[in-house]
>>> print(open('start.cif').read())   # mmCIF, C-alpha atoms
data_query
loop_
_atom_site.label_atom_id
_atom_site.label_comp_id
_atom_site.auth_asym_id
_atom_site.auth_seq_id
_atom_site.Cartn_x
_atom_site.Cartn_y
_atom_site.Cartn_z
CA THR Q 135 -62.32 51.02 22.05
CA GLU Q 136 -59.68 48.58 20.71
CA GLN Q 137 -62.09 47.44 18.01
CA VAL Q 138 -62.69 51.04 16.88
CA VAL Q 139 -58.95 51.67 16.68
CA ALA Q 140 -58.42 48.46 14.68
CA VAL Q 141 -61.18 49.36 12.22
CA ALA Q 142 -59.83 52.89 11.75
CA GLY Q 143 -56.28 51.57 11.15
CA GLY Q 144 -57.55 49.07 8.58
CA ILE Q 145 -59.45 51.82 6.72
CA ILE Q 146 -56.41 54.11 6.70
CA GLY Q 147 -54.10 51.26 5.57
CA GLY Q 148 -56.52 50.35 2.78
CA ILE Q 149 -56.62 53.96 1.58
CA LEU Q 150 -52.81 54.19 1.60
CA LEU Q 151 -52.50 50.91 -0.29
CA PHE Q 152 -55.03 52.07 -2.87
CA VAL Q 153 -53.12 55.34 -3.34
CA LEU Q 154 -49.80 53.50 -3.78
CA LEU Q 155 -51.37 51.14 -6.32
CA GLY Q 156 -52.76 54.11 -8.22
CA ILE Q 157 -49.44 55.90 -8.32
CA THR Q 158 -47.64 52.74 -9.41
CA THR Q 159 -50.19 52.07 -12.14
CA TYR Q 160 -49.88 55.66 -13.43
CA LEU Q 161 -46.10 55.49 -13.58
CA LEU Q 162 -46.18 52.16 -15.39
CA TRP Q 163 -48.75 53.43 -17.88
CA LYS Q 164 -46.72 56.56 -18.53
CA LYS Q 165 -43.54 54.53 -19.05
CA ILE Q 166 -45.25 52.16 -21.48
CA CYS Q 167 -46.91 54.90 -23.51
CA ARG Q 168 -43.81 57.15 -23.73
CA PRO Q 169 -42.27 55.51 -26.91
CA PHE Q 170 -45.50 56.12 -28.83
CA SER Q 171 -45.62 59.80 -28.05
CA TYR Q 172 -43.96 62.51 -30.07
CA GLU Q 173 -43.28 66.17 -29.72
CA LYS Q 174 -45.29 68.50 -31.85
CA LEU Q 175 -43.16 70.67 -34.14
CA ILE Q 176 -43.39 74.42 -33.75
CA ASN Q 177 -43.21 74.98 -37.52
CA PRO Q 178 -44.60 71.86 -39.14
CA VAL Q 179 -43.42 71.11 -42.68
CA LYS Q 180 -46.05 70.52 -45.30
CA THR Q 181 -45.62 67.14 -46.92
CA THR Q 182 -47.85 67.44 -49.93
CA ASN Q 183 -46.09 64.66 -51.82
CA THR Q 184 -46.18 62.01 -49.11
CA ASN Q 185 -49.20 60.38 -50.75
CA ALA Q 186 -47.13 59.95 -53.89
CA ILE Q 187 -44.39 58.24 -51.90
CA PHE Q 188 -46.65 55.61 -50.30
CA GLN Q 189 -48.14 54.21 -53.50
CA ASP Q 190 -47.72 50.53 -52.93
CA GLN Q 191 -50.45 49.74 -50.42
CA THR Q 192 -51.04 46.17 -51.58
CA ASN Q 193 -47.98 44.67 -49.97
CA SER Q 194 -49.02 43.98 -46.38
CA GLU Q 195 -45.53 43.02 -45.23
CA THR Q 196 -44.08 46.31 -46.43
CA GLN Q 197 -46.87 48.20 -44.67
CA LEU Q 198 -46.20 46.41 -41.37
CA LYS Q 199 -42.45 47.05 -41.59
CA SER Q 200 -42.82 50.69 -42.49
CA ALA Q 201 -45.51 51.20 -39.82
CA SER Q 202 -43.42 49.67 -37.07
CA ARG Q 203 -40.38 51.68 -38.09
CA SER Q 204 -42.26 54.93 -38.57
CA ARG Q 205 -43.57 54.71 -35.01
CA SER Q 206 -40.07 54.70 -33.61
CA VAL Q 207 -38.30 56.92 -36.18
CA PRO Q 208 -40.21 60.09 -37.19
CA PHE Q 209 -39.46 61.22 -40.73
CA ILE Q 210 -39.99 64.51 -42.54
CA ILE Q 211 -39.16 65.39 -46.13
CA PRO Q 212 -36.68 68.30 -46.29
CA PRO Q 213 -38.03 71.44 -48.01
CA THR Q 214 -35.34 71.15 -50.75
CA LEU Q 215 -36.88 67.82 -51.86
CA HIS Q 216 -40.48 69.00 -52.10
CA GLY Q 217 -42.10 68.69 -55.51
CA ARG Q 218 -39.68 66.02 -56.85
CA ASP Q 219 -40.74 62.85 -58.56
CA TRP Q 220 -39.91 59.41 -57.10
CA MET Q 221 -39.89 56.03 -58.77
CA HIS Q 222 -40.42 52.66 -57.13
CA LEU Q 223 -37.77 49.94 -57.17
CA THR Q 224 -38.27 46.24 -56.61
CA ASN Q 225 -35.73 46.07 -53.78
CA GLU Q 226 -37.92 48.20 -51.47
CA GLU Q 227 -35.77 51.29 -52.07
CA GLN Q 228 -36.98 54.58 -53.45
CA VAL Q 229 -34.48 56.73 -55.31
CA GLN Q 230 -34.96 60.07 -56.96
CA GLU Q 231 -35.45 59.92 -60.71
CA ASP Q 232 -32.22 61.02 -62.37
CA ARG Q 233 -33.19 63.84 -64.66
CA ASP Q 234 -29.78 65.49 -64.93
CA PRO Q 235 -26.84 63.08 -64.51
CA TYR Q 236 -24.39 65.96 -64.05
CA MET Q 237 -26.47 67.93 -61.52
CA THR Q 238 -24.27 69.02 -58.63
CA PRO Q 239 -25.56 68.66 -55.06
CA GLN Q 240 -26.67 71.79 -53.28
CA SER Q 241 -24.34 73.23 -50.72
CA GLY Q 242 -25.31 73.69 -47.11
CA PRO Q 243 -25.90 71.47 -44.09
CA ARG Q 244 -27.32 68.03 -44.73
CA SER Q 245 -30.38 66.71 -42.95
CA SER Q 246 -29.81 63.86 -40.56
CA PHE Q 247 -33.00 62.24 -41.90
CA HIS Q 248 -31.54 60.55 -44.99
CA SER Q 249 -33.96 57.64 -45.15
CA LEU Q 250 -37.59 56.89 -44.51
CA ALA Q 251 -37.79 53.84 -42.24
CA GLY Q 252 -34.65 52.59 -44.01
CA ALA Q 253 -36.50 52.37 -47.32
CA TYR Q 254 -36.01 55.75 -49.07
CA VAL Q 255 -32.64 57.07 -50.29
CA VAL Q 256 -32.28 60.82 -50.75
CA GLY Q 257 -29.17 60.81 -53.02
CA THR Q 258 -27.68 58.32 -55.49
CA ILE Q 259 -24.20 57.80 -56.96
CA ASN Q 260 -23.83 58.71 -60.64
CA PRO Q 261 -21.38 56.15 -62.11
CA ASP Q 262 -20.75 58.39 -65.15
CA LEU Q 263 -18.82 60.78 -62.91
CA TYR Q 264 -16.34 58.07 -61.90
CA LYS Q 265 -15.40 56.70 -65.31
CA CYS Q 266 -11.72 56.73 -66.25
CA PRO Q 267 -10.89 58.80 -69.35
CA GLU Q 268 -10.99 56.59 -72.41
CA ASP Q 269 -7.73 56.03 -74.27
CA LYS Q 270 -8.41 57.18 -77.82
CA SER Q 271 -4.85 56.78 -79.11
CA GLU Q 272 -5.88 53.67 -81.08
CA THR Q 273 -9.16 55.09 -82.41
CA ASP Q 274 -8.59 58.77 -83.25
CA PHE Q 275 -6.39 59.00 -86.34
CA PRO Q 276 -6.22 62.33 -88.22
CA ASP Q 277 -6.78 62.59 -91.95
CA GLY Q 278 -3.74 61.63 -93.96
CA ASN Q 279 -2.28 59.54 -91.13
CA ILE Q 280 0.23 56.94 -92.38
CA GLY Q 281 0.60 55.03 -89.11
CA ARG Q 282 1.23 55.40 -85.37
CA LEU Q 283 4.08 53.95 -83.30
CA TRP Q 284 4.19 53.16 -79.56
CA PHE Q 285 7.42 52.83 -77.57
CA SER Q 286 8.79 53.32 -74.06
CA ILE Q 287 12.15 54.59 -72.77
CA GLU Q 288 14.01 54.57 -69.45
CA TYR Q 289 17.62 55.24 -68.43
CA GLU Q 290 19.82 53.29 -65.99
CA GLN Q 291 22.11 55.81 -64.35
CA GLU Q 292 24.68 53.37 -62.93
CA SER Q 293 25.20 51.27 -66.05
CA GLU Q 294 24.62 54.28 -68.39
CA ARG Q 295 22.21 52.30 -70.54
CA LEU Q 296 19.24 53.67 -72.46
CA LEU Q 297 16.47 51.04 -72.57
CA VAL Q 298 14.07 51.34 -75.51
CA SER Q 299 11.01 49.09 -75.77
CA LEU Q 300 9.34 48.90 -79.16
CA ILE Q 301 5.70 48.12 -78.39
CA LYS Q 302 3.54 48.24 -81.54
CA VAL Q 303 2.58 50.04 -84.74
CA ARG Q 304 -0.98 50.63 -85.96
CA LYS Q 305 -2.73 51.64 -89.21
CA LEU Q 306 0.21 51.28 -91.60
CA GLN Q 307 -0.34 52.40 -95.19
CA PRO Q 308 1.84 50.16 -97.40
CA PRO Q 309 2.25 50.65 -101.15
CA ALA Q 310 1.02 47.07 -101.77
CA ASP Q 311 -1.61 44.80 -100.26
CA SER Q 312 0.92 42.41 -98.73
CA CYS Q 313 3.08 43.97 -96.02
CA SER Q 314 5.60 42.48 -93.56
CA PRO Q 315 6.84 45.41 -91.41
CA PHE Q 316 9.97 45.85 -89.30
CA VAL Q 317 11.59 48.82 -87.53
CA LYS Q 318 15.13 50.22 -87.45
CA ILE Q 319 16.11 52.28 -84.39
CA TYR Q 320 18.93 54.87 -84.45
CA LEU Q 321 20.41 56.98 -81.67
CA LEU Q 322 21.38 60.16 -83.48
CA PRO Q 323 23.78 61.70 -84.33
CA ASP Q 324 25.19 58.22 -84.98
CA GLU Q 325 23.54 57.16 -88.23
CA ARG Q 326 25.96 54.38 -89.09
CA SER Q 327 24.78 51.89 -86.45
CA TYR Q 328 21.24 50.88 -85.67
CA LEU Q 329 19.19 48.15 -83.99
CA GLN Q 330 16.51 46.27 -85.89
CA SER Q 331 13.32 44.53 -84.80
CA LYS Q 332 11.96 41.24 -86.04
CA THR Q 333 9.82 41.19 -89.17
CA LYS Q 334 6.11 40.62 -88.58
CA ARG Q 335 4.49 38.63 -91.35
CA LYS Q 336 1.59 40.08 -93.36
CA THR Q 337 0.06 42.57 -90.96
CA LEU Q 338 -0.73 46.28 -90.93
CA ASN Q 339 -0.91 46.37 -87.13
CA PRO Q 340 2.25 44.64 -85.90
CA GLN Q 341 2.80 43.92 -82.21
CA PHE Q 342 6.54 43.88 -81.47
CA ASP Q 343 7.12 43.99 -77.67
CA GLU Q 344 10.91 43.98 -78.15
CA ASN Q 345 13.59 45.59 -75.96
CA PHE Q 346 16.75 47.36 -77.18
CA VAL Q 347 19.74 48.81 -75.30
CA PHE Q 348 21.95 51.78 -76.26
CA GLN Q 349 25.12 52.60 -74.36
CA VAL Q 350 25.31 56.36 -73.78
CA SER Q 351 26.77 58.49 -70.99
CA SER Q 352 24.53 60.68 -68.86
CA LYS Q 353 26.36 63.82 -70.06
CA MET Q 354 25.61 63.04 -73.71
CA LEU Q 355 22.11 61.65 -73.17
CA LEU Q 356 20.18 64.91 -73.47
CA GLN Q 357 21.92 65.72 -76.75
CA ARG Q 358 20.84 62.48 -78.39
CA THR Q 359 17.75 61.79 -80.48
CA LEU Q 360 15.89 58.55 -81.13
CA LYS Q 361 14.95 57.84 -84.72
CA PHE Q 362 12.54 55.05 -85.71
CA LEU Q 363 12.28 54.00 -89.37
CA VAL Q 364 9.36 51.72 -90.24
CA TYR Q 365 9.87 49.53 -93.32
CA CYS Q 366 7.81 46.87 -95.05
CA VAL Q 367 8.98 43.93 -97.15
CA ASP Q 368 6.99 43.08 -100.28
CA LYS Q 369 6.69 39.77 -102.11
CA GLN Q 370 9.89 40.47 -104.07
CA LYS Q 371 11.69 41.03 -100.74
CA LYS Q 372 12.21 44.72 -101.48
CA HIS Q 373 12.26 47.17 -98.57
CA HIS Q 374 9.92 50.19 -98.65
CA LEU Q 375 10.19 53.00 -96.12
CA LEU Q 376 6.68 53.71 -94.76
CA GLY Q 377 7.52 56.51 -92.31
CA GLN Q 378 9.70 57.71 -89.48
CA VAL Q 379 9.49 59.07 -85.93
CA ILE Q 380 12.04 61.55 -84.56
CA PHE Q 381 12.13 61.85 -80.75
CA PRO Q 382 14.69 64.19 -79.03
CA LEU Q 383 15.67 63.21 -75.49
CA LYS Q 384 16.68 66.65 -74.21
CA ASN Q 385 13.28 67.53 -72.73
CA GLU Q 386 12.64 64.18 -71.03
CA ALA Q 387 13.24 63.29 -67.37
CA LEU Q 388 14.70 59.81 -67.79
CA THR Q 389 15.24 57.74 -64.64
CA GLU Q 390 14.97 54.09 -63.64
CA ASP Q 391 11.76 54.83 -61.73
CA ASN Q 392 10.24 56.81 -64.57
CA LYS Q 393 9.41 54.62 -67.56
CA LEU Q 394 7.83 56.77 -70.26
CA VAL Q 395 5.33 55.17 -72.65
CA ILE Q 396 4.95 57.35 -75.73
CA TRP Q 397 3.17 57.24 -79.06
CA ARG Q 398 3.92 59.31 -82.16
CA ASP Q 399 2.43 59.50 -85.65
CA LEU Q 400 4.69 58.46 -88.49
CA GLU Q 401 6.06 61.16 -90.78
CA LYS Q 402 7.12 60.81 -94.37
CA GLU Q 403 10.85 61.19 -94.78
CA ASN Q 404 12.03 63.89 -97.14
CA LEU Q 405 13.32 61.73 -99.99
CA GLU Q 406 14.69 64.70 -101.94
CA PRO Q 407 18.50 64.89 -101.90
CA PRO Q 408 19.91 67.57 -99.55
CA SER Q 409 20.62 70.95 -101.10
CA GLU Q 410 24.12 72.33 -101.47
CA TYR Q 411 24.29 73.79 -97.94
CA GLY Q 412 21.71 71.54 -96.31
CA ASP Q 413 18.04 71.95 -95.37
CA ILE Q 414 16.07 73.09 -92.34
CA GLN Q 415 12.56 72.13 -91.27
CA PHE Q 416 10.39 74.45 -89.18
CA SER Q 417 6.73 75.29 -88.53
CA LEU Q 418 5.01 78.67 -88.62
CA SER Q 419 1.80 79.76 -86.91
CA TYR Q 420 0.09 83.11 -86.40
CA ASN Q 421 -2.53 83.87 -83.76
CA ASP Q 422 -4.52 86.85 -85.05
CA TYR Q 423 -6.33 87.24 -81.72
CA LEU Q 424 -3.17 87.52 -79.60
CA GLY Q 425 -0.99 88.99 -82.34
CA ARG Q 426 1.69 86.33 -81.80
CA LEU Q 427 3.95 84.80 -84.45
CA THR Q 428 5.21 81.35 -83.44
CA VAL Q 429 8.20 79.52 -84.95
CA VAL Q 430 8.99 75.87 -84.13
CA VAL Q 431 12.53 74.93 -85.21
CA LEU Q 432 12.35 71.17 -85.79
CA ARG Q 433 15.56 69.88 -87.37
CA ALA Q 434 18.17 70.31 -90.08
CA ARG Q 435 19.89 67.83 -92.37
CA GLY Q 436 22.87 67.64 -94.70
CA LEU Q 437 24.74 70.52 -93.06
CA LYS Q 438 28.25 71.19 -94.38
CA LEU Q 439 30.25 71.47 -91.18
CA HIS Q 440 33.68 73.09 -91.07
CA GLU Q 441 36.04 70.30 -90.06
CA GLU Q 442 39.24 72.32 -89.81
CA SER Q 443 38.53 73.20 -86.17
CA PRO Q 444 36.74 71.21 -83.44
CA ALA Q 445 33.07 72.12 -83.39
CA VAL Q 446 31.57 73.26 -80.09
CA GLY Q 447 27.99 73.22 -81.30
CA VAL Q 448 25.50 73.93 -84.05
CA TYR Q 449 22.50 76.15 -83.32
CA VAL Q 450 19.78 78.11 -85.13
CA LYS Q 451 19.25 81.86 -84.73
CA VAL Q 452 15.70 83.10 -85.47
CA SER Q 453 15.39 86.86 -86.17
CA LEU Q 454 12.26 88.95 -86.73
CA MET Q 455 12.73 91.83 -89.17
CA ASN Q 456 10.45 94.69 -90.24
CA HIS Q 457 11.39 96.82 -93.29
CA ASN Q 458 14.89 95.30 -93.00
CA LYS Q 459 15.03 96.68 -89.47
CA PHE Q 460 16.05 94.22 -86.75
CA ILE Q 461 13.31 93.69 -84.13
CA LYS Q 462 14.26 90.67 -82.01
CA SER Q 463 16.18 87.40 -82.23
CA LYS Q 464 16.22 84.11 -80.30
CA LYS Q 465 18.53 81.08 -80.37
CA THR Q 466 18.15 77.35 -79.97
CA ALA Q 467 20.42 75.26 -77.79
CA ALA Q 468 23.79 74.39 -79.34
CA LEU Q 469 24.12 70.71 -80.25
CA LEU Q 470 27.44 68.96 -80.77
CA GLY Q 471 28.65 69.04 -84.32
CA THR Q 472 26.31 66.85 -86.32
CA PRO Q 473 25.12 67.31 -89.90
CA ASN Q 474 21.57 66.32 -88.88
CA PRO Q 475 20.67 68.11 -85.60
CA VAL Q 476 17.19 67.84 -84.08
CA TYR Q 477 15.96 70.82 -82.01
CA ASN Q 478 12.15 70.87 -81.52
CA GLU Q 479 12.26 74.31 -79.89
CA THR Q 480 9.47 76.90 -80.00
CA PHE Q 481 9.83 80.68 -80.15
CA SER Q 482 7.15 83.36 -80.08
CA PHE Q 483 7.29 86.96 -81.32
CA LYS Q 484 4.88 89.85 -80.89
CA ALA Q 485 3.67 90.97 -84.33
CA ASP Q 486 0.56 92.98 -85.13
CA GLN Q 487 -1.56 91.76 -88.02
CA THR Q 488 -0.96 95.02 -89.90
CA GLU Q 489 2.80 94.34 -89.80
CA LEU Q 490 2.66 90.98 -91.60
CA ASP Q 491 2.98 92.65 -95.02
CA THR Q 492 6.31 94.24 -94.06
CA ALA Q 493 7.73 91.69 -91.58
CA SER Q 494 9.97 88.71 -92.32
CA LEU Q 495 11.74 85.89 -90.47
CA SER Q 496 15.39 84.97 -90.92
CA LEU Q 497 16.64 81.55 -89.77
CA SER Q 498 20.42 81.16 -89.71
CA VAL Q 499 22.25 77.90 -88.94
CA LEU Q 500 25.52 78.70 -87.16
CA GLN Q 501 28.52 76.68 -86.03
CA SER Q 502 30.52 77.88 -83.02
CA ASN Q 503 34.16 76.88 -82.63
CA LYS Q 504 36.67 77.14 -79.80
CA GLY Q 505 38.73 80.28 -80.01
CA GLU Q 506 37.17 81.34 -83.33
CA LYS Q 507 34.18 83.38 -84.34
CA THR Q 508 30.89 81.79 -85.28
CA LEU Q 509 30.63 80.39 -88.81
CA LEU Q 510 27.47 80.64 -90.94
CA LEU Q 511 26.42 77.28 -92.39
CA GLY Q 512 23.29 78.49 -94.15
CA ARG Q 513 20.34 80.84 -94.01
CA VAL Q 514 16.72 81.06 -95.16
CA VAL Q 515 14.24 83.96 -95.14
CA VAL Q 516 10.44 83.58 -95.14
CA GLY Q 517 8.06 86.47 -95.52
CA PRO Q 518 5.67 88.34 -97.86
CA PHE Q 519 6.13 89.08 -101.56
CA MET Q 520 8.32 92.08 -100.69
CA TYR Q 521 11.17 89.80 -99.58
CA THR Q 522 10.64 86.23 -100.80
CA ARG Q 523 9.51 84.03 -103.67
CA GLY Q 524 8.83 80.34 -104.24
CA LYS Q 525 8.50 77.95 -101.28
CA GLU Q 526 9.36 80.61 -98.72
CA LEU Q 527 6.53 82.87 -99.93
CA GLU Q 528 4.09 79.92 -100.08
CA HIS Q 529 4.94 78.96 -96.51
CA TRP Q 530 4.28 82.52 -95.28
CA ASN Q 531 0.99 82.85 -97.16
CA GLU Q 532 -0.22 79.45 -95.92
CA MET Q 533 0.51 80.52 -92.34
CA ILE Q 534 -1.66 83.64 -92.78
CA SER Q 535 -4.49 81.69 -94.44
CA LYS Q 536 -4.56 79.12 -91.61
CA PRO Q 537 -4.52 81.12 -88.36
CA LYS Q 538 -3.66 79.27 -85.12
CA GLU Q 539 -2.52 76.21 -87.12
CA LEU Q 540 1.09 75.01 -87.34
CA VAL Q 541 2.30 74.85 -90.95
CA LYS Q 542 5.42 72.68 -91.34
CA ARG Q 543 7.82 72.68 -94.30
CA TRP Q 544 11.41 72.00 -95.37
CA HIS Q 545 13.53 74.81 -96.82
CA ALA Q 546 16.91 74.80 -98.54
CA LEU Q 547 19.69 76.81 -96.91
CA CYS Q 548 21.80 79.29 -98.85
CA HIS Q 549 24.58 81.78 -98.18
CA SER Q 550 23.12 84.71 -100.11
CA THR Q 551 21.17 87.43 -98.29
#
>>> encode(input="start.cif", output="structure tokens")
Amino acid sequence: TEQVVAVAGGIIGGILLFVLLGITTYLLWKKICRPFSYEKLINPVKTTNTNAIFQDQTNSETQLKSASRSRSVPFIIPPTLHGRDWMHLTNEEQVQEDRDPYMTPQSGPRSSFHSLAGAYVVGTINPDLYKCPEDKSETDFPDGNIGRLWFSIEYEQESERLLVSLIKVRKLQPPADSCSPFVKIYLLPDERSYLQSKTKRKTLNPQFDENFVFQVSSKMLLQRTLKFLVYCVDKQKKHHLLGQVIFPLKNEALTEDNKLVIWRDLEKENLEPPSEYGDIQFSLSYNDYLGRLTVVVLRARGLKLHEESPAVGVYVKVSLMNHNKFIKSKKTAALLGTPNPVYNETFSFKADQTELDTASLSLSVLQSNKGEKTLLLGRVVVGPFMYTRGKELEHWNEMISKPKELVKRWHALCHST
């Protein structure tokens, strides 16, 4: 009986041990095979172009790497990238062929699968989109340009000093082959004193890099104007004026922390002697699409100021007339009594194209005095043949023939109506 019980217990123990070994083997097999399994997608994506991606089958190392990675990281091509061409690079990266460098990326959620086994890049950076705008100030010169001047300005509030740095001049047009340029700098309305740069020997593109200081109070600063005169010295040591730059300070925010670097094209100075009552320079422009007449009051020179009473200011009044009927008028800011004020102010008037044959512009230079009425220093009228002749008529006709373009001219002032 004891032998039968021992045999039965051995059989039962062997069966239990076999079952435990089987269960353990199954669990180990399942754990080992789990990384190589994958879940079948409900809506599989067709990858018709995958054969085109895996073109390089000769490199065995690449195949092994991609195979080992593809087992652990499943990859699908997003539907938005189907049907696109790919080109092979030597650094084992595949980037999309750039057909349109300015193509914008599509909006919407991005796929988390941005690479294929670390070897395929979905998007690339277009370096053309990150280029800084090119400075064309030294390459783009308009027709008839006689030179371009660079300078910088800043103002020290505590010491009340205006710092002017003369940087360079380019593309000078001298009357002779040999040219040694230099620059005189004025702070208008003071035309008696000036600061002068060094003379650069035999060059049409002088580099100055010189600093100048003007003492001026903060109250008077915005009423001052910088004037640069560029000269050249010939072989006989004669001075020839090549051009000038006029720069009003009233529209500039000058501080110690704000150093402005500016360039301006040289202008030819009006070498004609001032007329009896002085001259005024302004630009005209007409926009036929908007029906707007624009007047830019630039500056005046040679004004005959009334010295018997202290002058408060000199300003320009621009009036639009139609059939000698007043339509509208606008005024510039009043500058302290100076015979050569600089304004650079723009005014716009509404004027239909059909009214240009009967409309006219009147520009009056006026001097205001304390306790007295305003005094007329001079006046000029521009308009069609009905009202004007000579330079004033030519200026008006040129404005009409060149729509949307500023036409600039000098005109002599007079007291007659």
>>> atom_distance(input="start.cif", atom1="CA of Val446 in chain Q", atom2="CA of Leu356 in chain Q")
15.6 Å
>>> closest_atom_pairs(input="start.cif", of="range 404-430 of chain Q", to="range 471-481 of chain Q", cutoff="6 Å", atoms="only C-alpha atoms", output="CSV")
residue,atom,partner,partner_atom,distance
Q:Thr428,CA,Q:Phe481,CA,5.7
Q:Val429,CA,Q:Phe481,CA,5.2
Q:Val430,CA,Q:Thr480,CA,4.3
>>> resolve_selection(input="start.cif", expression="the PyMOL selection byres ((chain Q and resi 373-389) around 7)", output="number ranges by chain")
Q: 288-290, 308, 356-368, 371-372, 390-392, 398, 400-403, 476
>>> resolve_selection(input="start.cif", expression="the PyMOL selection byres ((chain Q and resi 467) around 6)", output="ChimeraX atom specification")
/Q:449,466,468
>>> atom_distance(input="start.cif", atom1="CA of Ser496 in chain Q", atom2="CA of Tyr411 in chain Q")
15.9 Å
>>> residues_around(input="start.cif", residues="range 451-462 of chain Q", least_positions_apart="6", cutoff="9 Å", atoms="only C-alpha atoms", output="list in words")
Val429, Val431, Phe481, Phe483, Glu489, Leu490, Thr492, Ala493, Ser494, Leu495, Ser496, Leu497, Ser498, Val499 and Leu500 of chain Q
>>> atom_distance(input="start.cif", atom1="CA of His545 in chain Q", atom2="CA of Ser463 in chain Q")
19.5 Å
>>> resolve_selection(input="start.cif", expression="the PyMOL selection byres ((chain Q and resi 410) around 9)", output="PyMOL selection string")
chain Q and resi 408-409+411-413+436-438+546-548
>>> closest_residue(input="start.cif", among="Q:Leu329, Q:Val153, Q:Met520, Q:Val541", to="Leu300 in chain Q", atoms="all atoms listed in the file")
Q:Leu329
>>> closest_residue(input="start.cif", among="Q:Leu355, Q:Gly425, Q:Asp311, Q:Phe342", to="Lys369 in chain Q", atoms="only C-alpha atoms")
Q:Asp311
>>> residues_around(input="start.cif", residues="Pro340 in chain Q", least_positions_apart="6", cutoff="10 Å", atoms="all atoms listed in the file", output="MDAnalysis selection string")
chainID Q and resid 283 301:306 314:316 333:334
>>> decode(input="start.cif", residues="range 513-517 of chain Q", atoms="all heavy atoms", output="short mmCIF file (atom, residue, chain, number, x, y, z; two decimals), in the first residue's frame")
data_model
loop_
_atom_site.label_atom_id
_atom_site.label_comp_id
_atom_site.auth_asym_id
_atom_site.auth_seq_id
_atom_site.Cartn_x
_atom_site.Cartn_y
_atom_site.Cartn_z
N ARG Q 513 5.18 136.38 -52.72
CA ARG Q 513 4.10 135.47 -53.12
C ARG Q 513 4.37 134.95 -54.52
O ARG Q 513 4.97 135.64 -55.35
CB ARG Q 513 2.77 136.22 -53.06
CG ARG Q 513 1.54 135.40 -53.42
CD ARG Q 513 0.29 136.20 -53.05
NE ARG Q 513 -0.93 135.52 -53.45
CZ ARG Q 513 -1.61 135.81 -54.54
NH1 ARG Q 513 -1.20 136.78 -55.35
NH2 ARG Q 513 -2.72 135.15 -54.84
N VAL Q 514 3.92 133.71 -54.78
CA VAL Q 514 4.02 133.12 -56.11
C VAL Q 514 2.76 132.30 -56.36
O VAL Q 514 2.21 131.69 -55.44
CB VAL Q 514 5.28 132.25 -56.25
CG1 VAL Q 514 5.25 131.07 -55.29
CG2 VAL Q 514 5.46 131.76 -57.66
N VAL Q 515 2.30 132.31 -57.61
CA VAL Q 515 1.09 131.57 -58.02
C VAL Q 515 1.48 130.63 -59.14
O VAL Q 515 2.11 131.04 -60.12
CB VAL Q 515 -0.04 132.52 -58.47
CG1 VAL Q 515 -1.25 131.73 -58.96
CG2 VAL Q 515 -0.45 133.45 -57.34
N VAL Q 516 1.10 129.35 -59.01
CA VAL Q 516 1.29 128.37 -60.07
C VAL Q 516 -0.08 127.84 -60.47
O VAL Q 516 -0.96 127.66 -59.63
CB VAL Q 516 2.20 127.21 -59.62
CG1 VAL Q 516 3.63 127.68 -59.43
CG2 VAL Q 516 1.69 126.55 -58.35
N GLY Q 517 -0.24 127.58 -61.76
CA GLY Q 517 -1.52 127.10 -62.24
C GLY Q 517 -1.54 127.01 -63.76
O GLY Q 517 -0.50 127.11 -64.43
#
